[in-house]
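**Student:** Got a structure here, written out as structure tokens. Questions coming.
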Amino acid sequence: MQSVIKNCIATGQGMRIGENGQPWLVLTGWMSDVWNPPVFHRKLVDVVSGDIPVYISRYTHGSGCNTKALELAGITKDTPDPEGGHIKKDENGEVTGEFVERAPAELTRLIPPAVPYTPYGNARNFVEGQHLAISKGLTM
């Protein structure tokens, strides 16, 4: 996970610029079961993200963020769970940065929207996806 985050920050992949010019790293497809250790904690992201807020959506039922994102959103151990969601906390009651089902609105409203794909981008992604599928032996 840390190497992916470092690479994305270095290359700009996954970076979005917020209304106030604040860069965010926004990633999708988090699969903690392949991480070592296989748990999410904001401190693991903090080590490689510096002062850049990071938000990672899980491939199923959750998301996570680093300390900078929590600070910008004002989320603390006293923040109530969002409707339909849960803020995970450690044994000391501190927020881990992991959210089950739904992240708090205080956080999600700060995340810059993705830039919409252009027709060229859609076509390029389709062709690259076909090439990847064919290279793995998937054909119709």
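Residue numbering restarts at 1 for every chain of the structure tokens, chains are lettered A, B, ... in their displayed order, and ligands are numbered from 1 as they appear.
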Could you give me, as a ChimeraX atom specification, the residues within 7 Å of region 95-110 of chain A, counting only C-alpha atoms and dropping anything in the same chain fewer than 2 positions from it?
**Tutor:** /A:40-42,61-66,73,76-77,82,84-90,93,112
**Student:** When DSSP is applied to the backbone of this structure, which of chain A are assigned alpha helix (DSSP H)? Write them out as a ChimeraX atom specification.
**Tutor:** /A:2-11,42-49,67-73,105-108,119-135
**Student:** Could you name the residues that touch Ile52 (chain A) at 10 Å or less, counting only C-alpha atoms, but leaving out those on the same chain fewer than 4 positions away, as a ChimeraX atom specification?
**Tutor:** /A:9,15,22-25,46,48,66-69
**Student:** Between A:Gln130, A:Ser49, A:Asn125, A:Ser57, which is the closest to Ala10 (chain A) once you count only C-alpha atoms?
**Tutor:**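 The shortest atom-to-atom distance to Ala10 (chain A) comes from A:Ser49.
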**Student:** Please identify all polymer residues within 9 Å of Val115 (chain A), counting only C-alpha atoms, omitting same-chain residues fewer than 2 positions from it, and present them as a VMD selection string.
**Tutor:** chain A and resid 16 113 117
**Student:** Write the selection just made, keeping C-alpha atoms, as a compact mmCIF listing (two decimals), in the first residue's frame?
**Tutor:**
```txt
# COMPACT_ATOMS: atom_id res chain seq x y z
CA ARG A 16 -7.13 15.88 -7.62
CA PRO A 113 -14.56 15.42 -7.84
CA TYR A 117 -13.46 11.32 -19.06
```
**Student:** For Gly29 (chain A), find every residue with an atom within 8 Å (counting only C-alpha atoms), except residues of its own chain fewer than 5 positions away, and show them as a PDB file with N, CA and C atoms, in the first residue's frame.
**Tutor:**
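result_35.pdb written:
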```pdb
ATOM      1  N   ILE A  56      -9.029   6.719   0.296  1.00  0.00           N
ATOM      2  CA  ILE A  56      -9.009   5.470  -0.461  1.00  0.00           C
ATOM      3  C   ILE A  56     -10.343   4.765  -0.270  1.00  0.00           C
ATOM      4  N   SER A  57     -11.056   4.537  -1.370  1.00  0.00           N
ATOM      5  CA  SER A  57     -12.305   3.789  -1.245  1.00  0.00           C
ATOM      6  C   SER A  57     -12.011   2.308  -1.398  1.00  0.00           C
ATOM      7  N   ARG A  58     -12.671   1.524  -0.612  1.00  0.00           N
ATOM      8  CA  ARG A  58     -12.484   0.075  -0.600  1.00  0.00           C
ATOM      9  C   ARG A  58     -13.268  -0.540  -1.750  1.00  0.00           C
ATOM     10  N   TYR A  59     -12.845  -1.692  -2.195  1.00  0.00           N
ATOM     11  CA  TYR A  59     -13.585  -2.360  -3.258  1.00  0.00           C
ATOM     12  C   TYR A  59     -14.922  -2.854  -2.758  1.00  0.00           C
TER      13      TYR A  59
END
```
